[in-house]
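Structure below is structure11.cif: mmCIF, C-alpha atoms.
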```cif
data_input
loop_
_atom_site.group_PDB
_atom_site.id
_atom_site.type_symbol
_atom_site.label_atom_id
_atom_site.label_comp_id
_atom_site.auth_asym_id
_atom_site.auth_seq_id
_atom_site.Cartn_x
_atom_site.Cartn_y
_atom_site.Cartn_z
ATOM 1 C CA VAL A 25 -52.037 -5.884 8.567
ATOM 2 C CA PRO A 26 -50.248 -4.110 5.680
ATOM 3 C CA SER A 27 -46.964 -2.318 6.384
ATOM 4 C CA GLY A 28 -47.213 1.253 7.619
ATOM 5 C CA THR A 29 -50.868 0.742 8.530
ATOM 6 C CA THR A 30 -52.549 1.026 11.919
ATOM 7 C CA LEU A 31 -55.178 -1.578 12.752
ATOM 8 C CA ASN A 32 -57.578 1.257 13.524
ATOM 9 C CA LEU A 33 -60.335 0.407 15.965
ATOM 10 C CA SER A 34 -60.843 3.996 17.117
ATOM 11 C CA SER A 35 -64.385 4.508 15.819
ATOM 12 C CA LEU A 36 -66.116 1.557 17.454
ATOM 13 C CA ALA A 37 -69.753 1.861 18.501
ATOM 14 C CA ASP A 38 -70.373 2.049 22.249
ATOM 15 C CA GLY A 39 -70.487 -1.430 23.784
ATOM 16 C CA THR A 40 -68.539 -3.172 21.002
ATOM 17 C CA THR A 41 -66.702 -6.433 21.757
ATOM 18 C CA VAL A 42 -63.544 -7.227 19.763
ATOM 19 C CA ILE A 43 -62.101 -10.758 19.924
ATOM 20 C CA PHE A 44 -58.653 -11.482 18.490
ATOM 21 C CA GLN A 45 -58.250 -15.034 17.180
ATOM 22 C CA GLY A 46 -55.221 -16.795 15.726
ATOM 23 C CA THR A 47 -52.078 -14.780 15.010
ATOM 24 C CA THR A 48 -52.232 -11.144 13.931
ATOM 25 C CA THR A 49 -49.077 -9.736 12.290
ATOM 26 C CA TRP A 50 -48.028 -6.455 10.688
ATOM 27 C CA GLY A 51 -45.890 -5.805 7.616
ATOM 28 C CA TYR A 52 -42.532 -4.043 7.928
ATOM 29 C CA SER A 53 -42.157 -0.311 7.461
ATOM 30 C CA GLU A 54 -40.116 2.291 9.303
ATOM 31 C CA TRP A 55 -42.764 4.560 10.836
ATOM 32 C CA LYS A 56 -43.937 5.740 14.265
ATOM 33 C CA GLY A 57 -47.149 3.685 14.418
ATOM 34 C CA PRO A 58 -49.088 2.657 16.389
ATOM 35 C CA LEU A 59 -49.665 -0.830 15.064
ATOM 36 C CA LEU A 60 -52.994 -1.044 16.933
ATOM 37 C CA ASP A 61 -55.299 1.793 18.043
ATOM 38 C CA ILE A 62 -58.414 1.225 20.152
ATOM 39 C CA GLU A 63 -60.708 3.963 21.490
ATOM 40 C CA GLY A 64 -64.305 4.152 22.673
ATOM 41 C CA ASN A 65 -66.874 3.732 25.418
ATOM 42 C CA LYS A 66 -67.715 0.422 27.082
ATOM 43 C CA ILE A 67 -65.388 -1.437 24.704
ATOM 44 C CA THR A 68 -64.460 -5.051 25.485
ATOM 45 C CA VAL A 69 -61.302 -6.452 23.890
ATOM 46 C CA LYS A 70 -60.494 -10.145 24.344
ATOM 47 C CA GLY A 71 -57.873 -12.556 23.148
ATOM 48 C CA ALA A 72 -59.213 -15.998 22.258
ATOM 49 C CA LYS A 73 -57.253 -18.924 23.679
ATOM 50 C CA GLY A 74 -53.949 -19.265 21.807
ATOM 51 C CA SER A 75 -54.260 -15.925 20.011
ATOM 52 C CA VAL A 76 -51.165 -13.737 19.555
ATOM 53 C CA LEU A 77 -50.564 -10.185 18.383
ATOM 54 C CA ASP A 78 -47.057 -10.522 16.928
ATOM 55 C CA GLY A 79 -45.193 -7.317 16.097
ATOM 56 C CA ASN A 80 -42.271 -9.197 14.507
ATOM 57 C CA GLY A 81 -39.954 -6.830 16.377
ATOM 58 C CA ALA A 82 -36.747 -8.456 15.123
ATOM 59 C CA ARG A 83 -37.202 -6.605 11.823
ATOM 60 C CA TRP A 84 -36.777 -3.305 13.697
ATOM 61 C CA TRP A 85 -34.540 -4.235 16.627
ATOM 62 C CA ASP A 86 -31.161 -2.568 16.313
ATOM 63 C CA GLY A 87 -30.232 -2.072 19.978
ATOM 64 C CA GLU A 88 -31.341 1.579 19.860
ATOM 65 C CA GLY A 89 -35.017 1.273 20.806
ATOM 66 C CA GLY A 90 -36.653 4.688 20.602
ATOM 67 C CA ASN A 91 -33.284 6.437 20.977
ATOM 68 C CA GLY A 92 -32.216 6.257 17.338
ATOM 69 C CA GLY A 93 -31.554 3.821 14.538
ATOM 70 C CA LYS A 94 -34.588 2.625 12.615
ATOM 71 C CA THR A 95 -37.901 4.390 13.160
ATOM 72 C CA LYS A 96 -39.981 1.868 15.080
ATOM 73 C CA PRO A 97 -43.751 1.782 15.455
ATOM 74 C CA LYS A 98 -45.182 1.839 18.952
ATOM 75 C CA PHE A 99 -47.426 -1.161 19.402
ATOM 76 C CA PHE A 100 -50.757 -0.487 21.094
ATOM 77 C CA SER A 101 -52.499 2.843 21.616
ATOM 78 C CA ALA A 102 -55.253 2.448 24.228
ATOM 79 C CA HIS A 103 -56.388 6.066 24.292
ATOM 80 C CA LYS A 104 -59.736 7.633 25.197
ATOM 81 C CA LEU A 105 -61.214 4.377 26.505
ATOM 82 C CA THR A 106 -64.032 4.800 29.041
ATOM 83 C CA ASP A 107 -65.515 1.998 31.170
ATOM 84 C CA SER A 108 -63.690 -0.549 29.011
ATOM 85 C CA SER A 109 -61.754 -3.789 29.459
ATOM 86 C CA ILE A 110 -58.912 -5.629 27.749
ATOM 87 C CA THR A 111 -58.572 -9.298 28.720
ATOM 88 C CA GLY A 112 -56.367 -12.239 27.768
ATOM 89 C CA ILE A 113 -54.272 -10.490 25.117
ATOM 90 C CA THR A 114 -50.825 -11.909 24.279
ATOM 91 C CA ILE A 115 -48.356 -9.569 22.578
ATOM 92 C CA LYS A 116 -45.060 -10.908 21.237
ATOM 93 C CA ASN A 117 -42.037 -9.185 19.766
ATOM 94 C CA PRO A 118 -43.021 -5.515 19.979
ATOM 95 C CA PRO A 119 -40.762 -3.210 17.924
ATOM 96 C CA VAL A 120 -40.611 -0.654 20.787
ATOM 97 C CA GLN A 121 -42.956 0.616 23.564
ATOM 98 C CA VAL A 122 -45.943 -1.673 23.925
ATOM 99 C CA VAL A 123 -49.108 -0.289 25.571
ATOM 100 C CA SER A 124 -49.694 3.463 25.708
ATOM 101 C CA ILE A 125 -52.633 4.348 27.958
ATOM 102 C CA ASN A 126 -53.779 7.960 27.807
ATOM 103 C CA GLY A 127 -57.026 9.840 28.293
ATOM 104 C CA CYS A 128 -58.733 6.770 29.773
ATOM 105 C CA ASP A 129 -61.258 6.592 32.599
ATOM 106 C CA GLY A 130 -62.303 3.211 33.927
ATOM 107 C CA LEU A 131 -59.988 0.891 31.994
ATOM 108 C CA THR A 132 -59.258 -2.599 33.323
ATOM 109 C CA ILE A 133 -56.527 -4.729 31.738
ATOM 110 C CA THR A 134 -56.504 -8.349 32.914
ATOM 111 C CA ASP A 135 -54.187 -11.267 32.130
ATOM 112 C CA MET A 136 -52.174 -9.522 29.415
ATOM 113 C CA THR A 137 -48.877 -11.121 28.421
ATOM 114 C CA ILE A 138 -46.153 -9.008 26.827
ATOM 115 C CA ASP A 139 -43.217 -11.116 25.645
ATOM 116 C CA ALA A 140 -40.213 -9.398 24.101
ATOM 117 C CA SER A 141 -37.805 -12.142 25.187
ATOM 118 C CA ASP A 142 -36.690 -12.768 21.596
ATOM 119 C CA GLY A 143 -35.126 -9.283 21.778
ATOM 120 C CA ASP A 144 -32.490 -10.669 24.158
ATOM 121 C CA THR A 145 -30.721 -12.197 21.150
ATOM 122 C CA ASP A 146 -27.592 -10.086 20.667
ATOM 123 C CA ASP A 147 -29.207 -7.461 22.974
ATOM 124 C CA LEU A 148 -31.054 -5.959 20.004
ATOM 125 C CA GLY A 149 -34.440 -5.340 21.651
ATOM 126 C CA HIS A 150 -34.550 -2.048 23.589
ATOM 127 C CA ASN A 151 -37.237 0.226 25.100
ATOM 128 C CA THR A 152 -39.936 -2.442 24.921
ATOM 129 C CA ASP A 153 -41.733 -0.838 27.890
ATOM 130 C CA GLY A 154 -44.774 -2.795 29.034
ATOM 131 C CA PHE A 155 -47.206 -0.033 30.015
ATOM 132 C CA ASP A 156 -46.919 3.755 29.791
ATOM 133 C CA ILE A 157 -49.819 5.503 31.547
ATOM 134 C CA GLY A 158 -50.606 9.212 31.355
ATOM 135 C CA SER A 159 -53.553 11.559 31.967
ATOM 136 C CA SER A 160 -55.913 8.751 32.979
ATOM 137 C CA ASN A 161 -58.142 7.821 35.922
ATOM 138 C CA ASN A 162 -59.257 4.486 37.361
ATOM 139 C CA VAL A 163 -56.852 2.297 35.389
ATOM 140 C CA ILE A 164 -56.413 -1.230 36.783
ATOM 141 C CA ILE A 165 -53.801 -3.672 35.468
ATOM 142 C CA ASP A 166 -54.140 -7.132 37.018
ATOM 143 C CA GLY A 167 -52.373 -10.398 36.276
ATOM 144 C CA ALA A 168 -50.038 -8.948 33.646
ATOM 145 C CA LYS A 169 -46.859 -10.808 32.692
ATOM 146 C CA VAL A 170 -44.229 -8.571 31.116
ATOM 147 C CA TYR A 171 -40.835 -9.596 29.715
ATOM 148 C CA ASN A 172 -39.193 -6.549 28.207
ATOM 149 C CA GLN A 173 -35.838 -4.855 27.721
#
```
Please re-express this file's structure in structure tokens.
Amino acid sequence: VPSGTTLNLSSLADGTTVIFQGTTTWGYSEWKGPLLDIEGNKITVKGAKGSVLDGNGARWWDGEGGNGGKTKPKFFSAHKLTDSSITGITIKNPPVQVVSINGCDGLTITDMTIDASDGDTDDLGHNTDGFDIGSSNNVIIDGAKVYNQ
């Protein structure tokens, strides 16, 4: 995905299924993001076996997280999802906060892996929160594995 650009999946038709395959990466730019935005009704998002969403966080990591330094894009905006599911997604090296859930009703996230362990190098990764949930109902997160700073 080009630098400074959101992979915008916010206008999906009801009932759409999105399957990530292979490795998805984003170019470098100092901006607020998000890198990925998904919205809609009865949306199914899946990660194919071996697929990775790689934020290449090391390009932004400066030990400051969201508290200063470089402007870092938040990773994944899961806003305004209704009766939807996200399954089997692997996220590596987020620049800063990973999954923002807001305005959702009936969202199930299953078997998501968030791995910011590369940010341990020289303690540069910071504020790589796994999930931030606000103003939502009936959100279930099951089987998540989160390694963050």
Report task. Write out as a list in words the residues lying within 8 Å of A:Thr114, counting all atoms listed in the file and excluding same-chain residues fewer than 5 positions away. Result ->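 Final neighbour list, sorted by chain and number: Gly71, Ser75, Val76, Leu77, Met136, Thr137, Ile138 and Asp139 of chain A.
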Would you kindly translate the PyMOL selection byres ((chain A and resi 34) around 6) into the concrete residues it picks from this file, as a compact mmCIF listing (two decimals) with C-alpha atoms, in the coordinates of the input?
```
# COMPACT_ATOMS: atom_id res chain seq x y z
CA ASN A 32 -57.58 1.26 13.52
CA LEU A 33 -60.34 0.41 15.96
CA SER A 35 -64.39 4.51 15.82
CA LEU A 36 -66.12 1.56 17.45
CA ILE A 62 -58.41 1.23 20.15
CA GLU A 63 -60.71 3.96 21.49
```
**Report entry** For stretch 147-151 of chain A: contacts at 8 Å, all atoms listed in the file, fewer than 5 positions along chain excluded, given as a list of chain:residue names
**Finding:** A:Gly81, A:Ala82, A:Trp85, A:Asp86, A:Gly87, A:Glu88, A:Gly89, A:Gly90, A:Pro119, A:Val120, A:Gln121, A:Ala140, A:Asp142, A:Asn172, A:Gln173
Report task. Identify, on the basis of all atoms listed in the file, every residue whose closest approach to A:Asp61 does not exceed 12 Å; exclude the query and any residue fewer than 6 positions from it along the same chain; express the result as a list of chain:residue names. Result -> A:Thr29, A:Thr30, A:Leu31, A:Asn32, A:Leu33, A:Ser34, A:Ser35, A:Leu36, A:Val69, A:Pro97, A:Lys98, A:Phe99, A:Phe100, A:Ser101, A:Ala102, A:His103, A:Lys104, A:Leu105, A:Val122, A:Val123, A:Ser124, A:Ile125, A:Asn126
Query raised in the report: Expressed in Å to a single decimal, how great is the separation between atom CA of A:Gly92 and atom CA of A:Pro118?
Result: 16.2 Å
